[in-house]
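The file run_8.pdb contains PDB, C-alpha atoms and all ligand atoms:
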MODEL        1
ATOM      1  CA  MET A   1       0.000   0.000   0.000
ATOM      2  CA  ILE A   2       1.220   3.483  -0.806
ATOM      3  CA  VAL A   3       0.347   6.286   1.613
ATOM      4  CA  ASN A   4       0.751   9.854   0.354
ATOM      5  CA  ASP A   5      -2.400  11.666   1.506
ATOM      6  CA  ASP A   6      -1.550  14.513   3.935
ATOM      7  CA  GLU A   7      -4.023  13.474   6.624
ATOM      8  CA  GLN A   8      -3.045   9.812   6.356
ATOM      9  CA  LEU A   9       0.656  10.742   6.511
ATOM     10  CA  LYS A  10       0.127  12.486   9.856
ATOM     11  CA  LYS A  11      -1.753   9.516  11.293
ATOM     12  CA  VAL A  12       0.835   7.005  10.062
ATOM     13  CA  PHE A  13       3.671   9.123  11.453
ATOM     14  CA  LYS A  14       2.119   8.866  14.933
ATOM     15  CA  ALA A  15       2.339   5.067  14.660
ATOM     16  CA  THR A  16       6.110   5.107  13.970
ATOM     17  CA  ARG A  17       9.115   5.156  16.306
ATOM     18  CA  TRP A  18      12.378   6.706  15.277
ATOM     19  CA  ALA A  19      16.072   6.241  16.002
ATOM     20  CA  GLY A  20      16.074   4.164  19.183
ATOM     21  CA  SER A  21      19.757   4.999  19.713
ATOM     22  CA  LEU A  22      18.999   8.750  19.746
ATOM     23  CA  PRO A  23      16.272   9.191  22.385
ATOM     24  CA  ASP A  24      15.928  12.960  21.820
ATOM     25  CA  TYR A  25      15.578  12.631  18.062
ATOM     26  CA  THR A  26      12.249  12.767  16.226
ATOM     27  CA  PRO A  27      11.735  14.193  12.738
ATOM     28  CA  SER A  28      10.117  17.646  12.885
ATOM     29  CA  ASP A  29       6.932  18.359  10.907
ATOM     30  CA  ASN A  30       8.848  19.434   7.813
ATOM     31  CA  GLU A  31      11.257  16.489   8.085
ATOM     32  CA  ALA A  32       8.515  13.865   8.335
ATOM     33  CA  PRO A  33       8.246  11.373   5.449
ATOM     34  CA  THR A  34       6.158  12.471   2.480
ATOM     35  CA  ALA A  35       5.176   8.918   1.577
ATOM     36  CA  TYR A  36       5.179   5.440   3.040
ATOM     37  CA  ILE A  37       4.979   2.038   1.449
ATOM     38  CA  ALA A  38       3.406  -0.552   3.739
ATOM     39  CA  ILE A  39       4.467  -4.104   2.903
ATOM     40  CA  LEU A  40       1.576  -6.466   3.592
ATOM     41  CA  LEU A  41       1.327 -10.246   3.716
ATOM     42  CA  ASP A  42      -1.813 -11.866   2.323
ATOM     43  CA  LYS A  43      -2.273 -14.814   4.683
ATOM     44  CA  ASN A  44      -4.770 -16.383   2.266
ATOM     45  CA  ILE A  45      -1.819 -16.904  -0.072
ATOM     46  CA  LYS A  46       0.970 -17.687   2.391
ATOM     47  CA  GLU A  47       1.056 -18.184   6.171
ATOM     48  CA  SER A  48       4.514 -16.738   6.660
ATOM     49  CA  PRO A  49       6.433 -14.119   4.671
ATOM     50  CA  GLY A  50       9.813 -15.853   4.908
ATOM     51  CA  HIS A  51      12.341 -13.390   3.564
ATOM     52  CA  ASP A  52       9.963 -11.667   1.169
ATOM     53  CA  ALA A  53       9.335  -8.527   3.236
ATOM     54  CA  GLY A  54      13.058  -7.825   3.524
ATOM     55  CA  ILE A  55      13.592  -8.394  -0.176
ATOM     56  CA  ALA A  56      10.713  -6.043  -1.022
ATOM     57  CA  ALA A  57      11.880  -3.365   1.435
ATOM     58  CA  MET A  58      15.437  -3.487   0.114
ATOM     59  CA  SER A  59      14.262  -3.303  -3.505
ATOM     60  CA  ILE A  60      12.069  -0.287  -2.702
ATOM     61  CA  SER A  61      14.953   1.430  -0.881
ATOM     62  CA  MET A  62      17.441   0.834  -3.666
ATOM     63  CA  VAL A  63      15.145   2.022  -6.454
ATOM     64  CA  ALA A  64      14.234   5.072  -4.347
ATOM     65  CA  PHE A  65      17.932   5.831  -3.797
ATOM     66  CA  ASP A  66      18.518   5.603  -7.536
ATOM     67  CA  GLU A  67      15.755   8.211  -7.993
ATOM     68  CA  GLY A  68      17.351  10.513  -5.376
ATOM     69  CA  ILE A  69      14.777   9.656  -2.717
ATOM     70  CA  ALA A  70      15.823   8.698   0.798
ATOM     71  CA  SER A  71      14.155   5.889   2.687
ATOM     72  CA  CYS A  72      14.010   4.334   6.122
ATOM     73  CA  MET A  73      12.764   0.841   6.860
ATOM     74  CA  LEU A  74      10.498   0.869   9.882
ATOM     75  CA  GLY A  75       9.721  -2.247  11.871
ATOM     76  CA  GLY A  76       9.090  -0.601  15.234
ATOM     77  CA  ILE A  77       5.567   0.399  14.273
ATOM     78  CA  ASP A  78       2.218   0.296  16.051
ATOM     79  CA  ARG A  79       0.479  -2.271  13.884
ATOM     80  CA  VAL A  80      -2.841  -2.012  15.737
ATOM     81  CA  VAL A  81      -3.062   1.725  15.027
ATOM     82  CA  LEU A  82      -1.848   1.271  11.443
ATOM     83  CA  ARG A  83      -4.480  -1.384  10.752
ATOM     84  CA  MET A  84      -7.183   1.068  11.845
ATOM     85  CA  VAL A  85      -5.744   4.080  10.019
ATOM     86  CA  LEU A  86      -5.089   2.207   6.767
ATOM     87  CA  GLU A  87      -8.268   0.110   7.075
ATOM     88  CA  VAL A  88      -6.312  -3.081   6.485
ATOM     89  CA  PRO A  89      -8.501  -6.227   6.653
ATOM     90  CA  GLU A  90      -7.605  -9.026   9.089
ATOM     91  CA  HIS A  91      -6.317 -11.478   6.458
ATOM     92  CA  LEU A  92      -3.444  -9.084   5.706
ATOM     93  CA  ASP A  93      -0.475  -8.716   8.082
ATOM     94  CA  ILE A  94       1.405  -5.416   8.203
ATOM     95  CA  LEU A  95       5.036  -6.498   7.982
ATOM     96  CA  LEU A  96       7.135  -3.393   7.398
ATOM     97  CA  LEU A  97       6.823   0.261   6.473
ATOM     98  CA  VAL A  98       9.287   2.005   4.210
ATOM     99  CA  ALA A  99       9.290   5.758   4.820
ATOM    100  CA  LEU A 100      10.226   7.910   1.827
ATOM    101  CA  GLY A 101      11.212  11.525   1.298
ATOM    102  CA  TYR A 102      14.023  13.843   0.343
ATOM    103  CA  ALA A 103      16.805  13.525   2.904
ATOM    104  CA  ALA A 104      16.914  16.272   5.546
ATOM    105  CA  GLU A 105      20.193  15.099   6.984
ATOM    106  CA  LYS A 106      23.532  13.601   6.051
ATOM    107  CA  GLN A 107      24.758  10.212   7.183
ATOM    108  CA  ILE A 108      28.250   8.808   7.267
ATOM    109  CA  ALA A 109      29.003   5.096   7.476
ATOM    110  CA  ASP A 110      31.872   4.741   9.948
ATOM    111  CA  GLU A 111      33.800   1.614  10.794
ATOM    112  CA  ALA A 112      32.407   0.066  13.971
ATOM    113  CA  GLU A 113      34.841  -0.484  16.812
ATOM    114  CA  GLY A 114      34.510  -3.464  19.106
ATOM    115  CA  GLY A 115      31.242  -4.485  17.430
ATOM    116  CA  ASN A 116      29.503  -1.299  18.610
ATOM    117  CA  ILE A 117      26.969  -0.317  15.917
ATOM    118  CA  LYS A 118      25.131   2.318  17.950
ATOM    119  CA  TYR A 119      24.635   5.335  15.675
ATOM    120  CA  TRP A 120      25.214   8.869  16.935
ATOM    121  CA  LEU A 121      24.675  12.507  15.950
ATOM    122  CA  ASP A 122      27.639  14.876  15.758
ATOM    123  CA  GLU A 123      27.658  18.620  16.514
ATOM    124  CA  ASN A 124      27.017  19.416  12.815
ATOM    125  CA  GLY A 125      23.862  17.321  12.699
ATOM    126  CA  VAL A 126      25.523  14.480  10.759
ATOM    127  CA  ILE A 127      24.408  10.977  11.734
ATOM    128  CA  HIS A 128      27.266   8.495  12.007
ATOM    129  CA  VAL A 129      26.184   4.898  11.394
ATOM    130  CA  PRO A 130      28.946   2.475  12.419
ATOM    131  CA  LYS A 131      29.195  -0.647  10.263
ATOM    132  CA  ARG A 132      31.195  -3.743  11.171
ATOM    133  CA  PRO A 133      34.227  -4.010   8.852
ATOM    134  CA  VAL A 134      33.886  -6.388   5.898
ATOM    135  CA  ASN A 135      36.868  -8.497   6.988
ATOM    136  CA  GLU A 136      35.112  -9.142  10.297
ATOM    137  CA  ILE A 137      31.912 -10.521   8.742
ATOM    138  CA  LEU A 138      32.959 -11.974   5.374
ATOM    139  CA  ARG A 139      34.369 -15.473   4.910
ATOM    140  CA  TRP A 140      35.689 -17.036   1.698
ATOM    141  CA  ASN A 141      35.151 -20.726   0.945
ATOM    142  CA  THR A 142      35.415 -21.998   4.524
ATOM    143  CA  TYR A 143      34.423 -20.295   7.742
ATOM    144  CA  VAL A 144      37.855 -20.825   9.309
ATOM    145  CA  ASN A 145      40.724 -19.572   7.161
TER     146      ASN A 145
HETATM  147  C1  LIG A 201      13.869  -4.469   9.442
HETATM  148  C2  LIG A 201      14.286  -3.089   9.933
HETATM  149  C3  LIG A 201      13.427  -2.384  10.780
HETATM  150  C4  LIG A 201      13.795  -1.114  11.232
HETATM  151  N1  LIG A 201      12.924  -0.398  12.014
HETATM  152  C5  LIG A 201      13.232   0.859  12.368
HETATM  153  C6  LIG A 201      12.284   1.657  13.086
HETATM  154  O1  LIG A 201      11.175   1.230  13.414
HETATM  155  N2  LIG A 201      12.639   2.922  13.406
HETATM  156  C7  LIG A 201      13.860   3.437  13.041
HETATM  157  O2  LIG A 201      14.120   4.616  13.340
HETATM  158  N3  LIG A 201      14.772   2.708  12.363
HETATM  159  C8  LIG A 201      14.482   1.434  12.019
HETATM  160  N4  LIG A 201      15.384   0.688  11.320
HETATM  161  C9  LIG A 201      16.720   1.269  11.029
HETATM  162  C10 LIG A 201      16.764   2.128   9.782
HETATM  163  O3  LIG A 201      15.898   1.683   8.765
HETATM  164  C11 LIG A 201      18.191   2.143   9.191
HETATM  165  O4  LIG A 201      18.560   0.826   8.860
HETATM  166  C12 LIG A 201      19.181   2.719  10.153
HETATM  167  O5  LIG A 201      18.838   4.053  10.409
HETATM  168  C13 LIG A 201      20.623   2.647   9.612
HETATM  169  O6  LIG A 201      20.718   3.208   8.352
HETATM  170  P1  LIG A 201      21.337   2.345   7.128
HETATM  171  O7  LIG A 201      20.609   1.033   7.131
HETATM  172  O8  LIG A 201      21.072   3.183   5.931
HETATM  173  O9  LIG A 201      22.779   2.218   7.424
HETATM  174  C14 LIG A 201      15.050  -0.571  10.857
HETATM  175  C15 LIG A 201      15.900  -1.290  10.009
HETATM  176  C16 LIG A 201      15.537  -2.530   9.560
HETATM  177  C17 LIG A 201      16.485  -3.265   8.647
ENDMDL
END
Now, as a test, write the supplied structure out as structure tokens.
Ligand SMILES: Cc1cc2nc3c(=O)[nH]c(=O)nc-3n(C[C@H](O)[C@H](O)[C@H](O)COP(=O)(O)O)c2cc1C
Amino acid sequence: MIVNDDEQLKKVFKATRWAGSLPDYTPSDNEAPTAYIAILLDKNIKESPGHDAGIAAMSISMVAFDEGIASCMLGGIDRVVLRMVLEVPEHLDILLLVALGYAAEKQIADEAEGGNIKYWLDENGVIHVPKRPVNEILRWNTYVN
């Protein structure tokens, strides 16, 4: 489902939670997403989504990025409220939301130290998102080498 109606956007925003690692951070009114895509599972077709929601969310994010549109996958959502707001029938599960808009901030991917991937905001308003280094997570041919 695509949500882009102004009134619906406000209601959906209230059912989202942002940046758990930055407790004082919430997008302001003019930073709030201007569209959402809700990824739904039709339980009449399949009981469980398997990996499909992640694949869909990643595809949406990558195509959006290619079009110059920023995105944020949202799993920490109030699904009870969203079901009411979006009038989603019971046979559909709300799996993930992808928030979309033009980016209001800059992010930098830093190298994580000691496995710490907690993101943080610097004094210039840049969000640093630590990522574990490739050589720590990638294995070639056998796990032990
Ligand atoms: C499945 C999934 C659910 C997420 N849920 C939320 C969420 O509810 N709220 C939030 O602020 N970030 C959430 N995130 C984190 C952001 O989408 C994003 O991954 C994070 O800010 C780091 O940015 P990056 O993935 O571009 O490096 C979620 C990420 C994933 C993969």
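Once all atoms listed in the file are used for the distance check, the residues close to ligand LIG 201 (chain A) at 7 Å turn out to be Thr16, Arg17, Trp18, Ala19, Gly20, Gly54, Cys72, Met73, Leu74, Gly75, Gly76, Ile77, Ala109 and Val129 of chain A.
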Could you dump the residues just selected with C-alpha atoms as a PDB file, in the coordinates of the input?
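Generated file (part39.pdb):
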ATOM      1  CA  THR A  16       6.110   5.107  13.970  1.00  0.00           C
ATOM      2  CA  ARG A  17       9.115   5.156  16.306  1.00  0.00           C
ATOM      3  CA  TRP A  18      12.378   6.706  15.277  1.00  0.00           C
ATOM      4  CA  ALA A  19      16.072   6.241  16.002  1.00  0.00           C
ATOM      5  CA  GLY A  20      16.074   4.164  19.183  1.00  0.00           C
ATOM      6  CA  GLY A  54      13.058  -7.825   3.524  1.00  0.00           C
ATOM      7  CA  CYS A  72      14.010   4.334   6.122  1.00  0.00           C
ATOM      8  CA  MET A  73      12.764   0.841   6.860  1.00  0.00           C
ATOM      9  CA  LEU A  74      10.498   0.869   9.882  1.00  0.00           C
ATOM     10  CA  GLY A  75       9.721  -2.247  11.871  1.00  0.00           C
ATOM     11  CA  GLY A  76       9.090  -0.601  15.234  1.00  0.00           C
ATOM     12  CA  ILE A  77       5.567   0.399  14.273  1.00  0.00           C
ATOM     13  CA  ALA A 109      29.003   5.096   7.476  1.00  0.00           C
ATOM     14  CA  VAL A 129      26.184   4.898  11.394  1.00  0.00           C
TER      15      VAL A 129
END
Exercise. Calculate how many Å separate CA of Thr34 (chain A) from CA of Ala15 (chain A), rounding to one decimal.
Key: 14.8 Å
Write out as a compact mmCIF listing (two decimals) with C-alpha atoms, in the frame of the given file each polymer residue whose atoms come within 12 Å of Asn135 (chain A), counting only C-alpha atoms; drop sequence neighbours fewer than 3 positions from it.
# COMPACT_ATOMS: atom_id res chain seq x y z
CA GLU A 111 33.80 1.61 10.79
CA ALA A 112 32.41 0.07 13.97
CA LYS A 131 29.20 -0.65 10.26
CA ARG A 132 31.20 -3.74 11.17
CA LEU A 138 32.96 -11.97 5.37
CA ARG A 139 34.37 -15.47 4.91
CA TRP A 140 35.69 -17.04 1.70
CA ASN A 145 40.72 -19.57 7.16
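The gap separating CA of Pro23 (chain A) from CA of Lys118 (chain A) is 12.1 Å, in Å to one decimal.
Every residue that the PyMOL selection byres (((chain A and resi 89) around 12) and not hetatm) selects in this file is listed here: Leu40, Leu41, Asp42, Lys43, Asn44, Val80, Leu82, Arg83, Met84, Val85, Leu86, Glu87, Val88, Glu90, His91, Leu92, Asp93 and Ile94 of chain A.
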Quiz item: For Asp29 (chain A), which of A:Leu96, A:Met58, A:Ile2, A:Ala104 is the closest residue, counting only C-alpha atoms?
Solution: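 Nearest to Asp29 (chain A): A:Ala104.
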Practice problem: Grab the CA of Leu121 (chain A) to CA of Tyr102 (chain A) distance for me, in Å with one decimal place. | Solution: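 According to the coordinates, CA of Leu121 (chain A) and CA of Tyr102 (chain A) are separated by 18.9 Å.
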Quiz item: Could you list as a list of chain:residue names every residue that has an atom within 10 Å of (2.3, 8.9, 4.9), using the file's coordinates and counting only C-alpha atoms?
Solution: A:Ile2, A:Val3, A:Asn4, A:Asp5, A:Asp6, A:Glu7, A:Gln8, A:Leu9, A:Lys10, A:Lys11, A:Val12, A:Phe13, A:Ala32, A:Pro33, A:Thr34, A:Ala35, A:Tyr36, A:Ile37, A:Ala38, A:Leu97, A:Val98, A:Ala99, A:Leu100, A:Gly101
Prev. selection, C-alpha atoms, output as a PDB file, in the frame of the given file:
ATOM      1  CA  ILE A   2       1.220   3.483  -0.806  1.00  0.00           C
ATOM      2  CA  VAL A   3       0.347   6.286   1.613  1.00  0.00           C
ATOM      3  CA  ASN A   4       0.751   9.854   0.354  1.00  0.00           C
ATOM      4  CA  ASP A   5      -2.400  11.666   1.506  1.00  0.00           C
ATOM      5  CA  ASP A   6      -1.550  14.513   3.935  1.00  0.00           C
ATOM      6  CA  GLU A   7      -4.023  13.474   6.624  1.00  0.00           C
ATOM      7  CA  GLN A   8      -3.045   9.812   6.356  1.00  0.00           C
ATOM      8  CA  LEU A   9       0.656  10.742   6.511  1.00  0.00           C
ATOM      9  CA  LYS A  10       0.127  12.486   9.856  1.00  0.00           C
ATOM     10  CA  LYS A  11      -1.753   9.516  11.293  1.00  0.00           C
ATOM     11  CA  VAL A  12       0.835   7.005  10.062  1.00  0.00           C
ATOM     12  CA  PHE A  13       3.671   9.123  11.453  1.00  0.00           C
ATOM     13  CA  ALA A  32       8.515  13.865   8.335  1.00  0.00           C
ATOM     14  CA  PRO A  33       8.246  11.373   5.449  1.00  0.00           C
ATOM     15  CA  THR A  34       6.158  12.471   2.480  1.00  0.00           C
ATOM     16  CA  ALA A  35       5.176   8.918   1.577  1.00  0.00           C
ATOM     17  CA  TYR A  36       5.179   5.440   3.040  1.00  0.00           C
ATOM     18  CA  ILE A  37       4.979   2.038   1.449  1.00  0.00           C
ATOM     19  CA  ALA A  38       3.406  -0.552   3.739  1.00  0.00           C
ATOM     20  CA  LEU A  97       6.823   0.261   6.473  1.00  0.00           C
ATOM     21  CA  VAL A  98       9.287   2.005   4.210  1.00  0.00           C
ATOM     22  CA  ALA A  99       9.290   5.758   4.820  1.00  0.00           C
ATOM     23  CA  LEU A 100      10.226   7.910   1.827  1.00  0.00           C
ATOM     24  CA  GLY A 101      11.212  11.525   1.298  1.00  0.00           C
TER      25      GLY A 101
END
Can you rebuild region 20-31 of chain A with all heavy atoms and give it as a compact mmCIF listing (two decimals), keeping the file's coordinate frame?
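And here's out.txt as it stands now:
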# COMPACT_ATOMS: atom_id res chain seq x y z
N GLY A 20 15.99 4.62 17.80
CA GLY A 20 16.07 4.16 19.18
C GLY A 20 17.38 4.54 19.87
O GLY A 20 17.41 4.73 21.09
N SER A 21 18.46 4.66 19.10
CA SER A 21 19.76 5.00 19.71
C SER A 21 19.89 6.49 20.00
O SER A 21 20.85 6.92 20.63
CB SER A 21 20.91 4.58 18.80
OG SER A 21 20.92 3.20 18.63
N LEU A 22 18.95 7.30 19.51
CA LEU A 22 19.00 8.75 19.75
C LEU A 22 17.67 9.16 20.40
O LEU A 22 16.75 9.62 19.73
CB LEU A 22 19.18 9.51 18.42
CG LEU A 22 20.39 9.17 17.56
CD1 LEU A 22 20.28 9.81 16.20
CD2 LEU A 22 21.66 9.61 18.27
N PRO A 23 17.56 9.00 21.72
CA PRO A 23 16.27 9.19 22.38
C PRO A 23 15.65 10.58 22.19
O PRO A 23 14.43 10.72 22.24
CB PRO A 23 16.58 8.94 23.86
CG PRO A 23 18.01 8.58 23.97
CD PRO A 23 18.64 8.61 22.64
N ASP A 24 16.49 11.61 21.96
CA ASP A 24 15.93 12.96 21.82
C ASP A 24 15.60 13.32 20.37
O ASP A 24 15.27 14.46 20.07
CB ASP A 24 16.93 14.01 22.35
CG ASP A 24 17.20 13.78 23.82
OD1 ASP A 24 16.29 13.27 24.50
OD2 ASP A 24 18.33 14.08 24.26
N TYR A 25 15.70 12.33 19.49
CA TYR A 25 15.58 12.63 18.06
C TYR A 25 14.23 12.17 17.51
O TYR A 25 13.88 11.01 17.61
CB TYR A 25 16.70 11.92 17.31
CG TYR A 25 16.62 12.05 15.82
CD1 TYR A 25 17.23 13.09 15.15
CD2 TYR A 25 15.91 11.11 15.07
CE1 TYR A 25 17.16 13.20 13.78
CE2 TYR A 25 15.82 11.22 13.70
CZ TYR A 25 16.45 12.26 13.06
OH TYR A 25 16.36 12.36 11.71
N THR A 26 13.47 13.10 16.97
CA THR A 26 12.25 12.77 16.23
C THR A 26 12.19 13.73 15.05
O THR A 26 12.47 14.92 15.23
CB THR A 26 10.98 12.97 17.08
OG1 THR A 26 11.08 12.14 18.23
CG2 THR A 26 9.73 12.58 16.32
N PRO A 27 11.84 13.26 13.86
CA PRO A 27 11.74 14.19 12.74
C PRO A 27 10.72 15.31 13.05
O PRO A 27 9.67 15.04 13.63
CB PRO A 27 11.23 13.31 11.59
CG PRO A 27 11.59 11.92 11.98
CD PRO A 27 11.56 11.88 13.48
N SER A 28 11.07 16.54 12.70
CA SER A 28 10.12 17.65 12.88
C SER A 28 9.04 17.55 11.79
O SER A 28 9.15 16.73 10.88
CB SER A 28 10.85 18.98 12.79
OG SER A 28 11.43 19.09 11.51
N ASP A 29 8.03 18.44 11.88
CA ASP A 29 6.93 18.36 10.91
C ASP A 29 7.43 18.41 9.46
O ASP A 29 6.98 17.66 8.61
CB ASP A 29 5.94 19.50 11.14
CG ASP A 29 5.05 19.20 12.33
OD1 ASP A 29 5.12 18.06 12.84
OD2 ASP A 29 4.32 20.12 12.76
N ASN A 30 8.40 19.33 9.22
CA ASN A 30 8.85 19.43 7.81
C ASN A 30 9.94 18.43 7.44
O ASN A 30 10.44 18.43 6.32
CB ASN A 30 9.25 20.88 7.44
CG ASN A 30 10.40 21.38 8.25
OD1 ASN A 30 10.87 20.67 9.14
ND2 ASN A 30 10.87 22.58 7.97
N GLU A 31 10.33 17.58 8.41
CA GLU A 31 11.26 16.49 8.09
C GLU A 31 10.54 15.14 7.98
O GLU A 31 11.15 14.14 7.64
CB GLU A 31 12.32 16.35 9.19
CG GLU A 31 13.32 17.49 9.24
CD GLU A 31 14.23 17.37 10.45
OE1 GLU A 31 13.85 16.71 11.43
OE2 GLU A 31 15.32 17.95 10.41
